[in-house]
file final_29.cif (mmCIF, C-alpha atoms)
data_upload
#
loop_
_atom_site.label_atom_id
_atom_site.label_comp_id
_atom_site.auth_asym_id
_atom_site.auth_seq_id
_atom_site.Cartn_x
_atom_site.Cartn_y
_atom_site.Cartn_z
CA MET A 13 139.71 104.95 35.44
CA ASN A 14 141.45 107.27 37.86
CA ASN A 15 138.83 109.92 37.19
CA HIS A 16 136.14 107.34 37.88
CA ILE A 17 137.73 106.38 41.25
CA THR A 18 138.11 110.05 42.16
CA ALA A 19 134.44 110.65 41.38
CA ILE A 20 133.41 107.70 43.54
CA PHE A 21 135.66 108.93 46.34
CA GLN A 22 134.22 112.44 46.05
CA GLY A 23 130.73 110.96 46.17
CA TRP A 24 131.55 109.07 49.34
CA LEU A 25 133.13 112.16 50.81
CA SER A 26 130.08 114.31 50.20
CA THR A 27 127.81 111.57 51.56
CA ALA A 28 130.00 111.31 54.68
CA THR A 29 129.95 115.11 55.05
CA PHE A 30 126.16 115.07 54.79
CA LEU A 31 125.85 112.28 57.38
CA PHE A 32 128.22 114.05 59.76
CA ALA A 33 126.52 117.44 59.42
CA PHE A 34 122.92 116.31 59.59
CA LEU A 35 122.91 113.03 61.48
CA ILE A 36 126.03 112.58 63.61
CA ILE A 37 126.46 116.13 64.97
CA PRO A 38 122.84 116.36 66.14
CA SER A 39 123.12 112.97 67.84
CA LEU A 40 126.30 114.06 69.64
CA THR A 41 124.54 117.15 70.93
CA CYS A 42 121.26 115.41 71.76
CA ALA A 43 121.64 116.57 75.37
CA ILE A 44 120.76 120.06 74.20
CA GLU A 45 117.19 119.50 73.14
CA VAL A 46 115.54 122.29 75.12
CA SER A 47 115.97 126.03 75.02
CA ASP A 48 118.08 127.75 77.67
CA ALA A 49 114.92 129.31 79.09
CA ASP A 50 113.20 125.91 79.38
CA LEU A 51 116.26 124.36 80.99
CA LEU A 52 116.44 127.21 83.50
CA ARG A 53 112.76 126.71 84.31
CA MET A 54 113.40 123.02 84.96
CA GLN A 55 116.43 123.73 87.13
CA THR A 56 114.60 126.36 89.16
CA ARG A 57 112.12 123.73 90.38
CA PHE A 58 114.89 122.10 92.41
CA GLN A 59 116.75 125.15 93.61
CA GLU A 60 115.04 126.19 96.81
CA LYS A 61 116.19 124.20 99.81
CA GLY A 62 113.57 124.45 102.53
CA SER A 63 114.71 125.10 106.06
CA VAL A 64 113.97 122.65 108.83
CA THR A 65 111.31 124.09 111.11
CA TYR A 66 111.07 123.16 114.75
CA PRO A 67 107.55 123.06 116.23
CA GLU A 68 106.51 125.53 118.92
CA ASN A 69 106.27 122.74 121.46
CA ASN A 70 109.75 121.40 120.68
CA LEU A 71 112.06 124.26 119.77
CA PHE A 72 115.69 123.58 118.94
CA SER A 73 118.41 123.57 121.61
CA ALA A 74 121.99 122.32 121.36
CA GLU A 75 121.53 120.37 124.59
CA LYS A 76 118.53 118.48 123.21
CA LEU A 77 120.53 117.71 120.07
CA VAL A 78 123.44 116.24 122.08
CA LEU A 79 121.10 114.16 124.22
CA GLY A 80 119.03 113.05 121.24
CA LYS A 81 122.13 111.84 119.42
CA MET A 82 123.18 109.72 122.41
CA LEU A 83 119.73 108.18 122.71
CA PHE A 84 119.72 107.52 118.97
CA PHE A 85 122.95 105.51 119.11
CA ASP A 86 122.41 103.81 122.47
CA PRO A 87 121.38 100.14 122.14
CA ARG A 88 120.90 99.54 125.86
CA PHE A 89 117.24 100.56 125.93
CA SER A 90 115.79 98.08 123.51
CA THR A 91 114.30 94.88 124.88
CA ASN A 92 117.17 92.82 123.46
CA GLN A 93 119.67 95.50 124.58
CA GLN A 94 121.29 95.29 121.15
CA THR A 95 119.11 97.51 119.03
CA ALA A 96 119.44 101.27 118.77
CA CYS A 97 117.64 103.57 116.34
CA ALA A 98 120.97 103.60 114.48
CA THR A 99 120.89 99.82 114.06
CA CYS A 100 118.38 100.20 111.26
CA HIS A 101 118.88 103.89 110.50
CA ASN A 102 122.59 103.53 109.98
CA PRO A 103 124.35 106.75 108.86
CA SER A 104 126.96 104.66 107.03
CA LEU A 105 124.18 103.23 104.87
CA GLY A 106 122.25 106.40 104.10
CA TRP A 107 120.34 106.29 107.42
CA GLN A 108 118.76 102.96 106.51
CA ASN A 109 120.16 99.44 106.71
CA GLY A 110 120.57 98.18 103.17
CA LEU A 111 118.17 95.30 103.78
CA SER A 112 114.81 94.48 102.26
CA TYR A 113 111.67 93.81 104.24
CA THR A 114 112.44 90.28 105.40
CA ARG A 115 114.43 91.22 108.50
CA LYS A 116 113.12 90.73 112.04
CA ILE A 117 114.18 92.76 115.05
CA GLY A 118 111.42 92.88 117.65
CA LYS A 119 108.72 90.30 118.24
CA SER A 120 107.11 90.91 114.87
CA PRO A 121 108.64 90.68 111.42
CA PHE A 122 108.91 94.08 109.79
CA PRO A 123 106.93 94.06 106.58
CA ARG A 124 108.68 96.97 104.89
CA ARG A 125 112.13 98.29 104.10
CA THR A 126 113.66 100.69 106.61
CA GLN A 127 113.13 104.27 105.48
CA SER A 128 116.01 106.68 105.36
CA LEU A 129 115.85 109.51 107.90
CA LEU A 130 117.51 111.97 105.51
CA ASN A 131 115.69 115.30 105.28
CA MET A 132 112.72 114.19 107.36
CA GLY A 133 112.68 117.66 108.95
CA LEU A 134 111.45 118.92 105.58
CA ASP A 135 108.59 116.41 105.44
CA SER A 136 105.00 116.63 106.69
CA ARG A 137 103.93 113.03 107.39
CA TYR A 138 106.08 110.15 108.57
CA PHE A 139 106.52 106.44 107.82
CA SER A 140 106.02 105.34 104.25
CA ASP A 141 102.26 105.07 104.91
CA GLY A 142 102.10 108.48 106.59
CA ARG A 143 100.62 107.19 109.82
CA ALA A 144 102.48 109.71 112.00
CA ALA A 145 101.62 113.40 111.73
CA SER A 146 104.79 114.59 113.47
CA ILE A 147 108.33 113.38 114.09
CA GLU A 148 107.50 113.25 117.78
CA GLU A 149 104.65 110.84 117.04
CA GLN A 150 106.96 108.76 114.82
CA VAL A 151 109.56 108.51 117.60
CA LEU A 152 107.05 107.16 120.11
CA ILE A 153 105.64 104.62 117.65
CA SER A 154 109.14 103.39 116.74
CA ILE A 155 110.20 102.99 120.38
CA GLU A 156 107.16 100.95 121.36
CA SER A 157 106.55 99.03 118.14
CA THR A 158 107.13 95.31 118.53
CA ALA A 159 108.76 95.37 115.11
CA GLU A 160 111.24 98.08 116.08
CA LEU A 161 112.80 98.93 119.45
CA ASN A 162 110.05 96.92 121.08
CA ILE A 163 110.11 98.54 124.51
CA PRO A 164 107.24 100.20 126.40
CA MET A 165 108.15 103.78 127.27
CA GLU A 166 107.88 103.15 131.04
CA ARG A 167 110.52 100.41 130.84
CA LEU A 168 112.77 102.62 128.75
CA LEU A 169 112.56 105.38 131.37
CA ALA A 170 113.42 102.90 134.12
CA LYS A 171 116.52 101.78 132.19
CA LEU A 172 117.59 105.39 131.64
CA ALA A 173 117.27 106.16 135.35
CA LYS A 174 119.86 103.49 136.11
CA ILE A 175 122.54 105.39 134.16
CA PRO A 176 123.49 108.41 136.34
CA ALA A 177 125.19 110.42 133.61
CA TYR A 178 121.93 110.50 131.63
CA LEU A 179 120.24 112.43 134.45
CA THR A 180 122.75 115.29 134.03
CA LEU A 181 122.22 115.32 130.26
CA PHE A 182 118.43 115.46 130.68
CA GLN A 183 118.71 118.22 133.30
CA ASN A 184 120.92 120.26 130.93
CA ALA A 185 118.46 119.84 128.10
CA PHE A 186 115.32 120.45 130.18
CA PRO A 187 116.43 122.67 133.10
CA TYR A 188 112.91 123.83 133.97
CA ASP A 189 111.34 120.39 134.24
CA GLU A 190 110.84 118.92 137.70
CA THR A 191 111.24 115.40 136.28
CA ALA A 192 113.88 115.70 133.60
CA ILE A 193 113.84 112.05 132.51
CA SER A 194 110.36 111.77 131.09
CA ALA A 195 108.68 110.25 128.06
CA GLU A 196 108.06 113.71 126.62
CA ASN A 197 111.72 114.68 126.93
CA VAL A 198 113.02 111.42 125.43
CA ILE A 199 110.73 112.02 122.46
CA GLN A 200 111.67 115.69 122.11
CA SER A 201 115.42 114.95 122.18
CA LEU A 202 115.22 112.16 119.61
CA ALA A 203 112.99 114.28 117.35
CA THR A 204 115.46 117.17 117.58
CA TYR A 205 118.29 114.88 116.51
CA GLU A 206 116.27 113.40 113.65
CA ARG A 207 115.47 116.90 112.36
CA SER A 208 119.20 117.62 112.14
CA ILE A 209 119.78 114.84 109.59
CA VAL A 210 119.93 116.76 106.32
CA SER A 211 121.79 115.76 103.17
CA GLY A 212 124.59 117.95 101.84
CA ASN A 213 124.99 119.58 98.47
CA ALA A 214 125.49 117.35 95.45
CA PRO A 215 127.06 117.86 92.01
CA PHE A 216 123.53 118.52 90.77
CA ASP A 217 123.29 121.55 93.09
CA ALA A 218 126.58 122.91 91.71
CA TRP A 219 125.23 122.46 88.18
CA ILE A 220 122.00 124.35 88.74
CA ALA A 221 124.03 127.05 90.49
CA GLY A 222 125.86 127.60 87.19
CA ASP A 223 128.82 125.16 87.12
CA ASN A 224 128.26 123.49 83.76
CA THR A 225 131.13 121.07 84.35
CA ALA A 226 129.54 119.59 87.48
CA LEU A 227 127.36 117.19 85.45
CA SER A 228 128.36 115.05 82.47
CA ALA A 229 126.48 115.51 79.20
CA GLN A 230 124.83 112.13 79.83
CA ALA A 231 123.60 113.20 83.27
CA GLN A 232 122.33 116.51 81.86
CA HIS A 233 120.40 114.61 79.23
CA GLY A 234 119.07 112.35 81.97
CA PHE A 235 117.84 115.43 83.84
CA ILE A 236 115.90 116.60 80.78
CA LEU A 237 114.36 113.14 80.36
CA PHE A 238 113.52 113.12 84.09
CA ASN A 239 111.57 116.33 83.56
CA ARG A 240 110.08 115.65 80.14
CA LYS A 241 109.67 112.22 78.58
CA ALA A 242 109.83 110.19 81.80
CA GLY A 243 107.82 112.77 83.76
CA CYS A 244 109.42 111.74 87.08
CA VAL A 245 109.17 115.39 88.15
CA ALA A 246 105.40 115.02 88.57
CA CYS A 247 106.11 113.46 91.99
CA HIS A 248 109.86 113.86 92.52
CA SER A 249 109.89 117.66 92.65
CA GLY A 250 111.50 120.37 94.76
CA TRP A 251 114.92 120.34 96.45
CA GLU A 252 114.21 117.02 98.16
CA PHE A 253 112.92 115.50 94.91
CA SER A 254 109.67 114.56 96.63
CA ASP A 255 106.18 116.03 96.64
CA HIS A 256 105.65 114.41 100.08
CA SER A 257 102.45 112.91 98.71
CA PHE A 258 100.93 109.45 98.42
CA HIS A 259 100.64 107.50 95.17
CA ASP A 260 100.00 103.98 93.96
CA ILE A 261 102.82 103.36 91.50
CA GLY A 262 101.73 99.86 90.57
CA LEU A 263 104.15 97.74 92.57
CA PRO A 264 103.35 94.02 92.52
CA ASP A 265 102.79 93.86 96.29
CA MET A 266 99.73 93.24 98.46
CA ASP A 267 100.58 95.91 101.07
CA ILE A 268 97.77 98.51 100.81
CA GLY A 269 99.91 101.22 102.44
CA ARG A 270 98.14 104.52 103.14
CA ALA A 271 94.73 102.85 102.75
CA ASN A 272 95.29 101.21 106.14
CA TYR A 273 94.60 104.67 107.57
CA LEU A 274 92.53 106.35 104.84
CA PRO A 275 90.38 103.60 103.30
CA PHE A 276 89.80 105.34 99.98
CA LEU A 277 90.30 103.96 96.49
CA ALA A 278 92.94 106.61 95.73
CA MET A 279 94.97 105.43 98.73
CA GLN A 280 94.95 101.71 97.92
CA PHE A 281 98.59 100.59 97.57
CA ALA A 282 99.69 104.23 97.98
CA PHE A 283 102.97 105.09 99.68
CA LYS A 284 104.76 108.36 100.23
CA THR A 285 107.04 109.64 97.47
CA PRO A 286 110.58 109.15 98.80
CA SER A 287 113.25 111.82 98.44
CA LEU A 288 115.84 111.07 95.76
CA ARG A 289 118.71 112.78 97.57
CA ASN A 290 121.61 110.27 97.80
CA VAL A 291 119.35 107.73 96.15
CA ALA A 292 122.17 105.88 94.38
CA LYS A 293 123.64 105.02 97.79
CA ARG A 294 120.38 103.79 99.28
CA ALA A 295 119.43 100.43 97.75
CA PRO A 296 117.25 98.45 98.03
CA TYR A 297 114.36 100.53 96.76
CA MET A 298 110.61 100.92 97.22
CA HIS A 299 108.70 100.28 100.43
CA HIS A 300 109.16 96.52 100.04
CA GLY A 301 112.85 96.70 99.14
CA GLY A 302 112.05 94.77 95.99
CA PHE A 303 114.42 96.57 93.61
CA GLN A 304 118.18 96.39 93.98
CA THR A 305 119.18 98.87 91.27
CA LEU A 306 118.03 102.24 89.96
CA ARG A 307 117.78 100.71 86.52
CA SER A 308 115.27 98.12 87.76
CA ILE A 309 113.09 100.98 89.05
CA LEU A 310 113.11 102.59 85.62
CA ASP A 311 112.19 99.26 84.04
CA HIS A 312 109.22 99.14 86.42
CA TYR A 313 108.02 102.63 85.49
CA ASN A 314 108.71 102.06 81.80
CA GLU A 315 106.22 99.23 81.42
CA SER A 316 106.28 96.65 84.22
CA PHE A 317 103.83 98.27 86.65
CA VAL A 318 100.57 96.61 87.69
CA ARG A 319 97.50 98.17 86.06
CA ARG A 320 94.71 98.67 88.63
CA SER A 321 92.01 101.20 89.44
CA SER A 322 93.96 102.96 92.19
CA ILE A 323 97.02 103.65 90.03
CA SER A 324 98.27 107.25 89.98
CA MET A 325 97.46 109.27 86.86
CA HIS A 326 101.21 109.79 86.45
CA ILE A 327 101.91 106.10 85.87
CA HIS A 328 101.74 105.10 82.22
CA PRO A 329 104.11 103.41 79.76
CA LEU A 330 107.09 105.72 79.23
CA HIS A 331 108.62 104.15 76.09
CA LEU A 332 112.12 104.97 77.30
CA THR A 333 114.99 103.35 75.40
CA ASP A 334 117.83 101.55 77.18
CA ASP A 335 120.13 104.51 76.53
CA GLU A 336 117.59 106.95 77.92
CA MET A 337 117.18 104.90 81.09
CA ASP A 338 120.97 104.80 81.47
CA ASP A 339 121.04 108.60 81.14
CA ILE A 340 118.43 109.00 83.88
CA VAL A 341 120.41 106.67 86.16
CA GLU A 342 123.50 108.80 85.49
CA PHE A 343 121.53 111.90 86.45
CA LEU A 344 120.27 110.25 89.67
CA LYS A 345 123.87 109.54 90.65
CA SER A 346 124.51 113.29 90.55
CA LEU A 347 122.20 113.64 93.58
CA ASN A 348 124.77 112.01 95.87
CA GLY A 349 125.57 114.76 98.36
CA SER A 350 128.74 115.44 100.27
CA ASP A 351 127.04 114.86 103.61
CA THR A 352 128.56 115.78 106.93
CA GLN A 353 130.38 112.79 108.45
CA THR A 354 128.53 111.49 111.48
CA THR A 355 130.73 110.77 114.48
CA LEU A 356 129.69 108.20 117.06
CA PRO A 357 128.96 109.65 120.51
CA ILE A 358 130.66 108.41 123.69
CA LEU A 359 127.67 107.06 125.57
CA PRO A 360 126.98 107.94 129.25
CA GLN A 361 127.80 105.32 131.86
CA MET B 58 51.71 138.08 88.15
CA ASN B 59 48.99 135.49 88.05
CA ALA B 60 47.90 133.47 91.06
CA LEU B 61 49.65 130.27 89.95
CA CYS B 62 52.97 132.04 89.66
CA ARG B 63 52.56 133.61 93.14
CA LEU B 64 51.72 130.20 94.57
CA THR B 65 54.84 128.66 93.01
CA LEU B 66 57.07 131.36 94.45
CA LEU B 67 55.52 130.97 97.91
CA ALA B 68 55.97 127.20 97.78
CA SER B 69 59.62 127.47 96.79
CA PHE B 70 60.22 129.96 99.61
CA LEU B 71 58.61 127.66 102.17
CA PHE B 72 60.10 124.35 101.09
CA SER B 73 63.48 125.09 99.61
CA GLY B 74 65.28 125.39 102.95
CA ASN B 75 67.54 128.25 101.94
CA LEU B 76 66.27 130.39 99.12
CA TYR B 77 69.51 132.32 99.02
CA ALA B 78 71.91 129.33 98.99
CA ALA B 79 75.17 130.41 97.50
CA THR B 80 78.00 128.55 95.81
CA TYR B 81 81.57 129.50 96.66
CA ASP B 82 84.63 128.65 94.58
CA ILE B 83 87.75 127.08 96.00
CA ILE B 84 90.60 126.63 93.56
CA MET B 85 93.09 123.78 93.94
CA LYS B 86 96.39 124.84 92.41
CA ASN B 87 100.04 124.13 93.21
CA ARG B 88 98.87 121.52 95.72
CA GLU B 89 97.10 124.14 97.82
CA PHE B 90 93.53 125.25 98.35
CA SER B 91 93.05 128.90 97.39
CA GLN B 92 92.22 129.63 101.04
CA THR B 93 92.70 127.76 104.28
CA GLU B 94 89.26 128.44 105.77
CA ILE B 95 85.86 129.56 104.64
CA MET B 96 82.65 130.47 106.48
CA ILE B 97 79.37 129.64 104.76
CA ASN B 98 75.69 129.29 105.63
CA ARG B 99 73.86 126.01 105.99
CA GLY B 100 72.68 124.91 102.55
CA ASP B 101 75.48 126.71 100.70
CA SER B 102 77.79 124.75 98.43
CA ILE B 103 81.47 124.86 97.58
CA ARG B 104 82.66 124.27 94.06
CA PHE B 105 86.15 122.74 94.16
CA LEU B 106 88.03 123.27 90.89
CA ASN B 107 91.21 121.33 90.18
CA ALA B 108 93.17 124.02 88.33
CA GLU B 109 96.41 122.04 88.16
CA GLU B 110 98.06 121.33 84.84
CA ASN B 111 99.08 117.78 85.60
CA THR B 112 98.09 116.81 89.14
CA GLU B 113 95.12 114.85 90.36
CA HIS B 114 93.49 115.49 93.71
CA ASN B 115 91.18 113.72 96.12
CA LEU B 116 88.74 115.40 98.49
CA PHE B 117 87.54 114.02 101.77
CA SER B 118 86.26 114.91 105.20
CA LEU B 119 86.35 112.50 108.11
CA SER B 120 83.72 114.55 109.94
CA LYS B 121 81.29 112.35 111.88
CA VAL B 122 78.43 114.69 111.01
CA TYR B 123 79.03 114.83 107.28
CA PRO B 124 81.76 112.50 105.99
CA PHE B 125 82.40 112.43 102.26
CA GLU B 126 85.03 111.42 99.77
CA ILE B 127 85.58 112.29 96.11
CA SER B 128 88.03 109.62 95.04
CA GLN B 129 89.78 111.14 92.06
CA GLN B 130 89.58 114.65 90.72
CA LEU B 131 91.53 115.08 87.51
CA PRO B 132 92.90 118.44 86.27
CA GLY B 133 90.18 120.75 84.94
CA ILE B 134 87.37 118.94 86.76
CA ASP B 135 85.18 120.73 89.29
CA VAL B 136 83.10 119.13 92.02
CA THR B 137 80.33 120.89 93.93
CA ILE B 138 79.70 119.79 97.49
CA PRO B 139 76.63 121.07 99.35
CA PHE B 140 76.97 121.59 103.11
CA ARG B 141 73.50 120.93 104.54
CA LYS B 142 74.53 120.52 108.16
CA GLY B 143 76.07 123.05 110.53
CA GLY B 144 79.47 122.63 112.09
CA SER B 145 83.15 122.75 111.30
CA PHE B 146 84.55 120.44 108.63
CA GLU B 147 88.16 119.72 107.76
CA VAL B 148 88.40 119.12 104.02
CA GLU B 149 91.63 117.46 102.92
CA CYS B 150 93.28 115.84 99.93
CA ALA B 151 94.45 112.29 100.69
CA ILE B 152 97.10 112.41 97.96
CA HIS B 153 98.60 115.71 99.16
CA PRO B 154 98.47 115.74 102.97
CA THR B 155 99.51 119.39 103.32
CA MET B 156 96.20 120.51 101.74
CA HIS B 157 93.70 121.51 104.43
CA LEU B 158 90.56 123.62 104.24
CA ARG B 159 88.39 124.36 107.28
CA VAL B 160 84.76 124.85 106.32
CA MET B 161 82.68 126.52 109.02
CA VAL B 162 78.96 126.14 108.33
CA LYS B 163 76.70 128.52 110.31
#

call {"tool": "encode", "arguments": {"input": "final_29.cif", "output": "structure tokens"}}
result
Amino acid sequence: MNNHITAIFQGWLSTATFLFAFLIIPSLTCAIEVSDADLLRMQTRFQEKGSVTYPENNLFSAEKLVLGKMLFFDPRFSTNQQTACATCHNPSLGWQNGLSYTRKIGKSPFPRRTQSLLNMGLDSRYFSDGRAASIEEQVLISIESTAELNIPMERLLAKLAKIPAYLTLFQNAFPYDETAISAENVIQSLATYERSIVSGNAPFDAWIAGDNTALSAQAQHGFILFNRKAGCVACHSGWEFSDHSFHDIGLPDMDIGRANYLPFLAMQFAFKTPSLRNVAKRAPYMHHGGFQTLRSILDHYNESFVRRSSISMHIHPLHLTDDEMDDIVEFLKSLNGSDTQTTLPILPQ
Amino acid sequence: MNALCRLTLLASFLFSGNLYAATYDIIMKNREFSQTEIMINRGDSIRFLNAEENTEHNLFSLSKVYPFEISQQLPGIDVTIPFRKGGSFEVECAIHPTMHLRVMVK
């Protein structure tokens, strides 16, 4: 009898050993499913941080930066005298405002979510529909738009002229201009400040620089899924995790996006790929602010997108499991950078 | 060479517009055109090859003289566009706005 029990026990033991060796160990190490060379290739895609370039007609100066920052945070110029650029592009909320598209600031309701200003100096077209070809153009549109600051430039200049200390700041920034307070100089200063808004390094950057402890095993697995099975890298590539391009990703929304300016089939419902830097801190998501969580975005890409003729070739059912989507979310959290704290300026009186 | 053959050659020379029309290749790879400008003769064509592994492109020109748009160009597909009118044309990809090619047609 005892021999029989021992035999049964030994049988169980060998079965358990088999399960542990061939089933459990591989599942524990599932994060390592690519060769070192392949992993290095994937990491290299995100290594090179571009440098912000200043255009020939608006080169950097510290004086422009100081002035631009004051203008950015000063609410006195808007028509309601309560709205600054920073009202919607709030540095405490990832340079956006944490609201979806239903807000109303100027005369007109704003049909889209506020875009973050992070890393826009590395971009090539501006606004989610790409309607501005330069940051300078974006600044002017945002000042005068009835949905944003809602003030004609001439009125803004008149308000600035009533604050004596601003004249000194403009003269410091533009010492060779006969009329220092001008539309051109307001635009140049604000654009210089916007170009300075760059996200800091994140745990992900430490990991690809060689610190293997900077990312959890779950986040590392999420990174591999991001590159392979989910294929997010097709659009979210490079240091900024954006190809700066325009795609229809099948959102259930009637906003035709880029096609307002380029009326082609490929541009119907297309919006610019957003950067994923600090993405976990920047809900709500998508141009319409329709998703509150990163997980809901993955659910969308996994199978919930709208099938239509303009859809990007990169959008197809992903067949990700719940665990895999959780791993990708964990990886996305590793893109939260230690950004420089923004201090509020003392505004001129 | 018999008379019929000579007549055919003469007719093609007279009516073809440009007997020596050439086709030039522009490769689209890594979200760039293989060159940023190209000078061709009227009647020449450009063959645009999408040599990406996994990226679609779009080709368009908003030129008033000769506007065109190729909506979707999948990897491995080539498209040949003849330039029959003179001038300077900006060829772009709507999906990837950093892609620009200036075509100067003499």

call {"tool": "resolve_selection", "arguments": {"input": "final_29.cif", "expression": "the PyMOL selection byres ((chain A) within 10 of (chain B))", "output": "number ranges by chain"}}
result
A: 135-137, 142, 145, 246-247, 255-260, 270-271, 274-279, 282-284, 322, 324-326

call {"tool": "atom_distance", "arguments": {"input": "final_29.cif", "atom1": "atom CA of Thr333 of chain A", "atom2": "atom CA of Val245 of chain A"}}
result
18.5 Å

call {"tool": "closest_residue", "arguments": {"input": "final_29.cif", "among": "A:Ala144, A:Leu79, A:Val210, A:Leu172", "to": "Leu130 of chain A", "atoms": "all atoms listed in the file"}}
result
A:Val210

call {"tool": "closest_residue", "arguments": {"input": "final_29.cif", "among": "B:Lys121, B:His157, B:Lys142, B:Lys163", "to": "Met85 of chain B", "atoms": "only C-alpha atoms"}}
result
B:His157

call {"tool": "atom_distance", "arguments": {"input": "final_29.cif", "atom1": "atom CA of Pro264 of chain A", "atom2": "atom CA of His299 of chain A"}}
result
11.4 Å

call {"tool": "resolve_selection", "arguments": {"input": "final_29.cif", "expression": "the PyMOL selection byres ((chain A and resi 211-219) around 8)", "output": "VMD selection string"}}
result
chain A and resid 59 130 to 131 209 to 210 220 to 227 289 to 290 346 to 352

call {"tool": "atom_distance", "arguments": {"input": "final_29.cif", "atom1": "atom CA of Phe139 of chain A", "atom2": "atom CA of Asn314 of chain A"}}
result
26.5 Å

call {"tool": "residues_around", "arguments": {"input": "final_29.cif", "residues": "Asp335 of chain A", "least_positions_apart": "4", "cutoff": "12 Å", "atoms": "all atoms listed in the file", "output": "VMD selection string"}}
result
chain A and resid 42 230 to 231 233 to 234 237 307 310 331 339 to 342

call {"tool": "write_last_selection", "arguments": {"input": "final_29.cif", "atoms": "C-alpha atoms", "output": "PDB file, in the coordinates of the input"}}
result
ATOM      1  CA  CYS A  42     121.260 115.410  71.760  1.00  0.00           C
ATOM      2  CA  GLN A 230     124.830 112.130  79.830  1.00  0.00           C
ATOM      3  CA  ALA A 231     123.600 113.200  83.270  1.00  0.00           C
ATOM      4  CA  HIS A 233     120.400 114.610  79.230  1.00  0.00           C
ATOM      5  CA  GLY A 234     119.070 112.350  81.970  1.00  0.00           C
ATOM      6  CA  LEU A 237     114.360 113.140  80.360  1.00  0.00           C
ATOM      7  CA  ARG A 307     117.780 100.710  86.520  1.00  0.00           C
ATOM      8  CA  LEU A 310     113.110 102.590  85.620  1.00  0.00           C
ATOM      9  CA  HIS A 331     108.620 104.150  76.090  1.00  0.00           C
ATOM     10  CA  ASP A 339     121.040 108.600  81.140  1.00  0.00           C
ATOM     11  CA  ILE A 340     118.430 109.000  83.880  1.00  0.00           C
ATOM     12  CA  VAL A 341     120.410 106.670  86.160  1.00  0.00           C
ATOM     13  CA  GLU A 342     123.500 108.800  85.490  1.00  0.00           C
TER      14      GLU A 342
END

call {"tool": "residues_around", "arguments": {"input": "final_29.cif", "residues": "Val148 of chain B", "least_positions_apart": "6", "cutoff": "8 Å", "atoms": "all atoms listed in the file", "output": "PyMOL selection string"}}
result
chain B and resi 116-118+157-160

call {"tool": "closest_residue", "arguments": {"input": "final_29.cif", "among": "A:Gln353, A:Gly243, A:Arg320, A:Gln232", "to": "Glu45 of chain A", "atoms": "only C-alpha atoms"}}
result
A:Gln232
